[in-house]
Structure formats: C-alpha cells, structure tokens
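> Next comes query35.pdb, PDB, C-alpha atoms:
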```
ATOM      1  CA  ILE H   1      10.140   6.634  21.512
ATOM      2  CA  ARG H   2       8.629   4.449  18.803
ATOM      3  CA  TYR H   3       9.334   6.750  15.862
ATOM      4  CA  ASN H   4      11.568   9.612  14.794
ATOM      5  CA  PRO H   5       9.661  12.939  15.120
ATOM      6  CA  TYR H   6      11.732  14.434  12.331
ATOM      7  CA  ASP H   7      10.153  11.967   9.901
ATOM      8  CA  THR H   8       6.869  13.867  10.262
ATOM      9  CA  VAL H   9       8.424  17.160   9.180
ATOM     10  CA  GLU H  10       7.881  17.932   5.522
ATOM     11  CA  ILE H  11       9.719  20.799   3.850
ATOM     12  CA  ARG H  12       7.358  22.712   1.610
ATOM     13  CA  ARG H  13       8.155  22.420  -2.058
ATOM     14  CA  HIS H  14       7.766  25.272  -4.513
ATOM     15  CA  ARG H  15       5.253  23.076  -6.288
ATOM     16  CA  PRO H  16       3.555  20.342  -4.261
ATOM     17  CA  VAL H  17       3.931  16.831  -5.641
ATOM     18  CA  HIS H  18       0.697  14.953  -6.296
ATOM     19  CA  TYR H  19       0.978  11.282  -7.164
ATOM     20  CA  LYS H  20      -1.761  10.183  -9.511
ATOM     21  CA  PRO H  21      -3.442   6.817  -8.992
ATOM     22  CA  LEU H  22      -3.895   4.199 -11.679
ATOM     23  CA  ASN H  23      -7.416   4.143 -13.070
ATOM     24  CA  GLY H  24      -9.118   0.844 -13.821
ATOM     25  CA  GLU H  25      -7.931   0.630 -17.418
ATOM     26  CA  GLN H  26      -4.349   1.475 -16.449
ATOM     27  CA  GLN H  27      -4.360  -1.181 -13.724
ATOM     28  CA  ARG H  28      -5.504  -3.771 -16.237
ATOM     29  CA  ASP H  29      -2.936  -2.682 -18.847
ATOM     30  CA  LEU H  30      -0.134  -2.678 -16.288
ATOM     31  CA  LEU H  31      -1.042  -6.169 -15.143
ATOM     32  CA  VAL H  32      -0.694  -7.390 -18.726
ATOM     33  CA  LEU H  33       2.825  -5.941 -18.886
ATOM     34  CA  VAL H  34       3.904  -7.468 -15.572
ATOM     35  CA  ASP H  35       5.619 -10.636 -16.793
ATOM     36  CA  ARG H  36       6.937 -12.018 -13.485
ATOM     37  CA  ASP H  37       4.792 -13.718 -10.880
ATOM     38  CA  HIS H  38       6.550 -12.169  -7.892
ATOM     39  CA  TYR H  39       6.101  -8.646  -9.249
ATOM     40  CA  ARG H  40       2.479  -9.436 -10.036
ATOM     41  CA  ALA H  41       2.082 -10.377  -6.374
ATOM     42  CA  VAL H  42       3.814  -7.167  -5.266
ATOM     43  CA  MET H  43       1.490  -5.077  -7.426
ATOM     44  CA  LYS H  44      -1.612  -6.743  -5.998
ATOM     45  CA  VAL H  45      -0.435  -6.413  -2.394
ATOM     46  CA  LEU H  46       0.454  -2.731  -2.774
ATOM     47  CA  ILE H  47      -2.801  -1.831  -4.510
ATOM     48  CA  CYS H  48      -4.991  -3.924  -2.202
ATOM     49  CA  THR H  49      -3.428  -2.860   1.114
ATOM     50  CA  GLY H  50      -2.284   0.717   0.579
ATOM     51  CA  LEU H  51       1.049   0.018   2.277
ATOM     52  CA  ARG H  52       3.803   2.535   1.726
ATOM     53  CA  ILE H  53       6.673   0.926  -0.173
ATOM     54  CA  GLY H  54       8.957   1.320   2.863
ATOM     55  CA  GLU H  55       6.363  -0.448   5.028
ATOM     56  CA  PHE H  56       5.990  -3.249   2.493
ATOM     57  CA  LEU H  57       9.744  -3.823   2.426
ATOM     58  CA  ALA H  58       9.765  -4.026   6.232
ATOM     59  CA  VAL H  59       6.956  -6.583   6.575
ATOM     60  CA  ASP H  60       7.889  -9.599   8.681
ATOM     61  CA  PHE H  61       5.979 -12.228   6.727
ATOM     62  CA  ASP H  62       6.300 -14.756   9.549
ATOM     63  CA  LYS H  63       4.259 -12.435  11.765
ATOM     64  CA  ILE H  64       1.356 -11.826   9.395
ATOM     65  CA  ASP H  65      -1.861 -12.863  11.127
ATOM     66  CA  TYR H  66      -3.474 -15.082   8.498
ATOM     67  CA  GLU H  67      -6.201 -16.231  10.877
ATOM     68  CA  ASN H  68      -7.493 -12.737  11.590
ATOM     69  CA  ARG H  69      -6.232 -11.477   8.241
ATOM     70  CA  TYR H  70      -4.163  -8.414   8.962
ATOM     71  CA  ILE H  71      -0.623  -7.109   8.585
ATOM     72  CA  PHE H  72       0.739  -5.285  11.623
ATOM     73  CA  VAL H  73       2.752  -2.229  10.610
ATOM     74  CA  ASP H  74       5.227  -0.888  13.165
ATOM     75  CA  ARG H  75       8.432  -0.375  11.192
ATOM     76  CA  LYS H  76       9.713   0.660   7.776
ATOM     77  CA  VAL H  77      12.698   0.540   5.472
ATOM     78  CA  ASP H  78      14.391   3.804   4.571
ATOM     79  CA  VAL H  79      14.143   3.685   0.778
ATOM     80  CA  LYS H  80      17.197   5.931   0.406
ATOM     81  CA  THR H  81      19.578   3.859   2.536
ATOM     82  CA  GLY H  82      17.870   0.451   2.684
ATOM     83  CA  GLU H  83      18.115   0.587   6.483
ATOM     84  CA  LEU H  84      15.416  -1.217   8.474
ATOM     85  CA  GLN H  85      13.987   1.219  11.014
ATOM     86  CA  ASN H  86      12.011  -0.025  14.005
ATOM     87  CA  TYR H  87       9.570   2.857  13.865
ATOM     88  CA  THR H  88       7.058   4.240  11.372
ATOM     89  CA  LYS H  89       6.601   7.571   9.621
ATOM     90  CA  THR H  90       4.220   8.832  12.320
ATOM     91  CA  GLU H  91       2.525   7.368  15.372
ATOM     92  CA  SER H  92      -0.704   7.013  13.368
ATOM     93  CA  SER H  93       1.219   4.817  10.919
ATOM     94  CA  ILE H  94       1.376   2.055  13.544
ATOM     95  CA  ARG H  95      -1.683   0.063  12.567
ATOM     96  CA  LYS H  96      -3.356  -3.146  11.466
ATOM     97  CA  VAL H  97      -3.924  -3.424   7.730
ATOM     98  CA  PRO H  98      -6.751  -5.854   6.915
ATOM     99  CA  PHE H  99      -6.695  -8.136   3.899
ATOM    100  CA  LEU H 100      -8.999 -10.719   2.333
ATOM    101  CA  PRO H 101      -8.347 -14.452   1.874
ATOM    102  CA  GLU H 102      -7.722 -13.763  -1.829
ATOM    103  CA  LEU H 103      -4.519 -11.937  -0.925
ATOM    104  CA  GLU H 104      -3.058 -14.763   1.160
ATOM    105  CA  LYS H 105      -1.661 -16.582  -1.869
ATOM    106  CA  ASP H 106       0.255 -13.482  -2.962
ATOM    107  CA  LEU H 107       1.566 -12.739   0.537
ATOM    108  CA  ARG H 108       2.803 -16.303   0.955
ATOM    109  CA  ALA H 109       4.411 -16.244  -2.498
ATOM    110  CA  ILE H 110       6.336 -13.093  -1.578
ATOM    111  CA  SER H 111       7.271 -14.691   1.749
ATOM    112  CA  ARG H 112       8.738 -17.726  -0.047
ATOM    113  CA  ASN H 113      10.836 -15.429  -2.219
ATOM    114  CA  VAL H 114      12.164 -13.616   0.830
ATOM    115  CA  LYS H 115      13.041 -16.893   2.578
ATOM    116  CA  ARG H 116      14.939 -18.031  -0.508
ATOM    117  CA  GLY H 117      17.112 -14.964  -0.174
ATOM    118  CA  GLN H 118      15.298 -13.206  -3.003
ATOM    119  CA  ALA H 119      14.126 -10.221  -0.974
ATOM    120  CA  PHE H 120      12.905  -7.187  -2.868
ATOM    121  CA  SER H 121      14.646  -3.828  -2.847
ATOM    122  CA  TYR H 122      13.160  -0.405  -3.421
ATOM    123  CA  ASN H 123      15.295   0.224  -6.491
ATOM    124  CA  ALA H 124      14.424  -3.121  -8.065
ATOM    125  CA  ILE H 125      10.676  -2.555  -7.632
ATOM    126  CA  LYS H 126      10.924   1.070  -8.724
ATOM    127  CA  GLU H 127      12.873   0.278 -11.895
ATOM    128  CA  TYR H 128      10.702  -2.687 -12.830
ATOM    129  CA  PHE H 129       7.436  -0.765 -12.691
ATOM    130  CA  GLN H 130       8.915   2.427 -14.126
ATOM    131  CA  LYS H 131       9.764   0.551 -17.312
ATOM    132  CA  ARG H 132       6.159  -0.673 -17.548
ATOM    133  CA  TYR H 133       4.785   2.827 -16.982
ATOM    134  CA  GLN H 134       7.008   4.095 -19.793
ATOM    135  CA  LYS H 135       5.647   1.428 -22.138
ATOM    136  CA  MET H 136       2.142   2.581 -21.234
ATOM    137  CA  GLY H 137       3.089   6.189 -21.891
ATOM    138  CA  ILE H 138       2.106   7.414 -18.411
ATOM    139  CA  LYS H 139       3.956   9.095 -15.561
ATOM    140  CA  ARG H 140       3.453   7.168 -12.339
ATOM    141  CA  ASN H 141       5.613   5.791  -9.529
ATOM    142  CA  ILE H 142       5.426   3.220  -6.751
ATOM    143  CA  HIS H 143       3.553   5.615  -4.458
ATOM    144  CA  SER H 144       0.812   5.779  -7.093
ATOM    145  CA  MET H 145      -0.279   2.312  -5.989
ATOM    146  CA  ARG H 146      -0.991   3.632  -2.489
ATOM    147  CA  HIS H 147      -3.084   6.422  -4.002
ATOM    148  CA  THR H 148      -4.816   3.795  -6.118
ATOM    149  CA  PHE H 149      -5.791   1.910  -2.957
ATOM    150  CA  VAL H 150      -7.363   4.995  -1.397
ATOM    151  CA  SER H 151      -9.267   5.930  -4.547
ATOM    152  CA  MET H 152     -10.497   2.373  -5.122
ATOM    153  CA  ALA H 153     -11.530   2.010  -1.477
ATOM    154  CA  TYR H 154     -13.355   5.344  -1.601
ATOM    155  CA  TYR H 155     -15.338   4.405  -4.695
ATOM    156  CA  ALA H 156     -16.149   0.995  -3.234
ATOM    157  CA  GLY H 157     -17.928   2.853  -0.439
ATOM    158  CA  ILE H 158     -15.483   2.251   2.416
ATOM    159  CA  PRO H 159     -15.916   5.108   4.933
ATOM    160  CA  LEU H 160     -13.175   7.722   4.775
ATOM    161  CA  LYS H 161     -12.449   7.331   8.477
ATOM    162  CA  THR H 162     -11.834   3.612   7.930
ATOM    163  CA  ILE H 163      -9.609   4.320   4.925
ATOM    164  CA  GLN H 164      -7.651   6.755   7.086
ATOM    165  CA  LYS H 165      -7.055   4.013   9.664
ATOM    166  CA  ILE H 166      -5.994   1.461   7.040
ATOM    167  CA  VAL H 167      -3.426   3.725   5.389
ATOM    168  CA  GLY H 168      -2.249   5.360   8.621
ATOM    169  CA  HIS H 169      -2.877   9.001   7.800
ATOM    170  CA  ALA H 170      -2.499  11.436  10.670
ATOM    171  CA  THR H 171      -5.514  13.478   9.518
ATOM    172  CA  LEU H 172      -8.727  12.803   7.643
ATOM    173  CA  ASP H 173      -8.039  15.924   5.604
ATOM    174  CA  MET H 174      -5.027  14.240   3.996
ATOM    175  CA  THR H 175      -7.121  11.219   3.037
ATOM    176  CA  MET H 176      -9.847  13.400   1.547
ATOM    177  CA  ASN H 177      -7.926  16.125  -0.210
ATOM    178  CA  VAL H 178      -4.659  14.530  -1.257
ATOM    179  CA  TYR H 179      -5.482  10.891  -1.908
ATOM    180  CA  THR H 180      -9.079  10.537  -3.090
ATOM    181  CA  HIS H 181      -8.722  11.171  -6.811
ATOM    182  CA  ILE H 182     -11.535  10.749  -9.296
ATOM    183  CA  ILE H 183     -10.894   7.591 -11.282
ATOM    184  CA  ASN H 184     -12.921   5.095 -13.266
ATOM    185  CA  PRO H 185     -12.469   1.831 -11.336
ATOM    186  CA  ASP H 186     -14.847  -0.292 -13.420
ATOM    187  CA  GLU H 187     -12.145  -1.903 -15.575
ATOM    188  CA  SER H 188      -9.869  -2.627 -12.629
ATOM    189  CA  PRO H 189      -8.904  -6.284 -12.149
ATOM    190  CA  TYR H 190      -9.254  -5.598  -8.411
ATOM    191  CA  VAL H 191     -12.692  -3.989  -8.324
ATOM    192  CA  GLY H 192     -14.231  -7.186  -6.928
ATOM    193  CA  TYR H 193     -11.628  -7.259  -4.168
ATOM    194  CA  PHE H 194     -12.561  -3.789  -2.977
ATOM    195  CA  LYS H 195     -16.271  -4.574  -2.993
ATOM    196  CA  LYS H 196     -15.552  -7.549  -0.715
ATOM    197  CA  LEU H 197     -13.205  -5.427   1.409
ATOM    198  CA  LEU H 198     -16.110  -3.081   2.100
ATOM    199  CA  GLU H 199     -18.105  -5.965   3.574
ATOM    200  CA  ASP H 200     -15.054  -7.213   5.463
ATOM    201  CA  VAL H 201     -14.301  -3.946   7.260
ATOM    202  CA  LYS H 202     -17.980  -3.589   8.204
ATOM    203  CA  LYS H 203     -17.718  -6.864  10.112
ATOM    204  CA  ARG H 204     -14.483  -6.030  11.903
ATOM    205  CA  PRO H 205     -15.035  -5.430  15.638
ATOM    206  CA  THR H 206     -14.437  -1.912  16.895
ATOM    207  CA  ASP H 207     -11.405  -2.977  18.909
ATOM    208  CA  PHE H 208      -9.723  -4.349  15.778
ATOM    209  CA  TRP H 209      -8.575  -0.836  14.926
ATOM    210  CA  CYS H 210      -7.170  -0.196  18.406
ATOM    211  CA  VAL H 211      -3.385  -0.402  18.527
ATOM    212  CA  ASP H 212      -1.260   0.005  21.626
ATOM    213  CA  THR H 213       1.526   2.433  20.702
ATOM    214  CA  ALA H 214       2.943   2.728  24.219
TER     215      ALA H 214
END
```
In structure tokens, how does this file's structure come out?

Amino acid sequence: IRYNPYDTVEIRRHRPVHYKPLNGEQQRDLLVLVDRDHYRAVMKVLICTGLRIGEFLAVDFDKIDYENRYIFVDRKVDVKTGELQNYTKTESSIRKVPFLPELEKDLRAISRNVKRGQAFSYNAIKEYFQKRYQKMGIKRNIHSMRHTFVSMAYYAGIPLKTIQKIVGHATLDMTMNVYTHIINPDESPYVGYFKKLLEDVKKRPTDFWCVDTA
C-alpha cells in the first residue's frame, strides 16, 4: 500500500491543539526578522503552498514540474526520526500542489542549497523560526505556516473544496473548522500572491486535480 494506515490514527488529547496562523502584520514582521535568504525562501514556499513540513523536506526538487507549475506530493519525512517515507499521511495527501511563477525563484534557490549538500532539517527550521517568534512575542510553530496558507487562500476567495485539494485534507470539515481562522491579511507581503493564485486555480483544467493513487 502507498501509505501507513496507522498514520491516520490520531489519539485524542485532553485539550485539542489548535495552531494559529500568522496574520498579515505578523507575516510582515517575521519577514523582517528572517536574515537568511534560504530561510526567507522556505518561509515563502511554506506559506504559499500549504505543504506540511514533512512534505516540504521530502520534495524531490528535480521532479518539480516548472512548466505546469506544480509540486507532486507522494512522500514525507518523519520529523521525529528524519526518515524519508515513500508514503503520505493519508491517501488524500497524495496530490498536486500548484504554484505561481513568482515562487519558482525560491524553489530553485532551495534546490541549489540541497544540491550543495546544505539540505534543511526539521530541527534547524523549527529552531530558526522559533527564535524569531520569540522576538515577536508570539507563540507559533512551523505548522502555523500551513494554517496561514489556508486562511490566506480562504480570504482571497479560493473555494474551500479547492483549498482542501491543495492541502490534502481528507474532509472538507477539517479545512473549514480547524484551519480557516479569521485573520487580517491586508498587511501580508504575500496578499498579492494569493489574489493571483485565485485566478490561477480557476484556469486549471478539471483533470489537473486528478491523481492516480493506485
């Protein structure tokens, strides 16, 4: 099978964890504090694609389709062990994640780093951004960038069903109730990107979203 069924099992916590997104002002302030180009690229890619951090770490940059502008997600890195796993969290996580031409520069920059042997690790990314969050006086984590994508996409007017496909949620209910937080996106440095993404996904053919998981 393509994925481990046990990865879909979630043990209920006494108090459910809700990761808050970054509002527009916080995105702008964080970007000011990011003092390294490769981490600036990571931030933009995570916020503008909604990839889980484990999926981002598993991206094969040589297989990104720059012509049709999408990242194919079919594997992940276990953030606890660093092990590359040739399956995703759930079957619905196998998907095509669209991106705009503006993101190509950042993807290629990250690719060059990886080819130089400067691949990112979960702990390195986590620690780098955690220090910036502390300077800002807010409690966020890497997963907050995924929530930021969903909230920004929602307020840009991208249909919830399309957002669900992009982020690979198993149910629309999860997209609606867990991820779509109320934020003020106006001050976001990426607000223009999401407005263009709305037009981009409207033009995608219906079969673009079809993925063979057999």
> At a cut-off of 6 Å, using only C-alpha atoms, what residues contact segment 187-197 of chain H? Leave out same-chain residues fewer than 4 positions from it and give the result as a PyMOL selection string.
chain H and resi 24-25+27-28+156
> Neighbouring residues of Ser151 of chain H were defined as those with any atom within 10 Å, considering all atoms listed in the file; residues of the same chain fewer than 2 positions away were excluded. Please report them as a PyMOL selection string.
chain H and resi 20-23+145-149+153-156+163+175-176+179-185
> Between atom CA of Lys126 of chain H and atom CA of His143 of chain H, what is the distance in Å, rounded to a tenth?
9.7 Å
> Do you have the atom CA of Leu30 of chain H-atom CA of Met136 of chain H distance handy?
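Value for the atom CA of Leu30 of chain H-atom CA of Met136 of chain H distance: 7.6 Å.
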> Please write out, as lines of an AutoDock Vina configuration file, where the centre of an axis-aligned box around all listed atoms of segment 135-152 of chain H lies and how long its edges are, in Å to one decimal, after adding 8 Å on each side.

```
center_x = -2.4
center_y = 5.3
center_z = -11.8
size_x = 32.1
size_y = 23.7
size_z = 36.7
```
> Would you work out the distance separating atom CA of Lys96 of chain H from atom CA of Asp212 of chain H, expressed in Å to one decimal?
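Those two atoms sit 10.8 Å apart.
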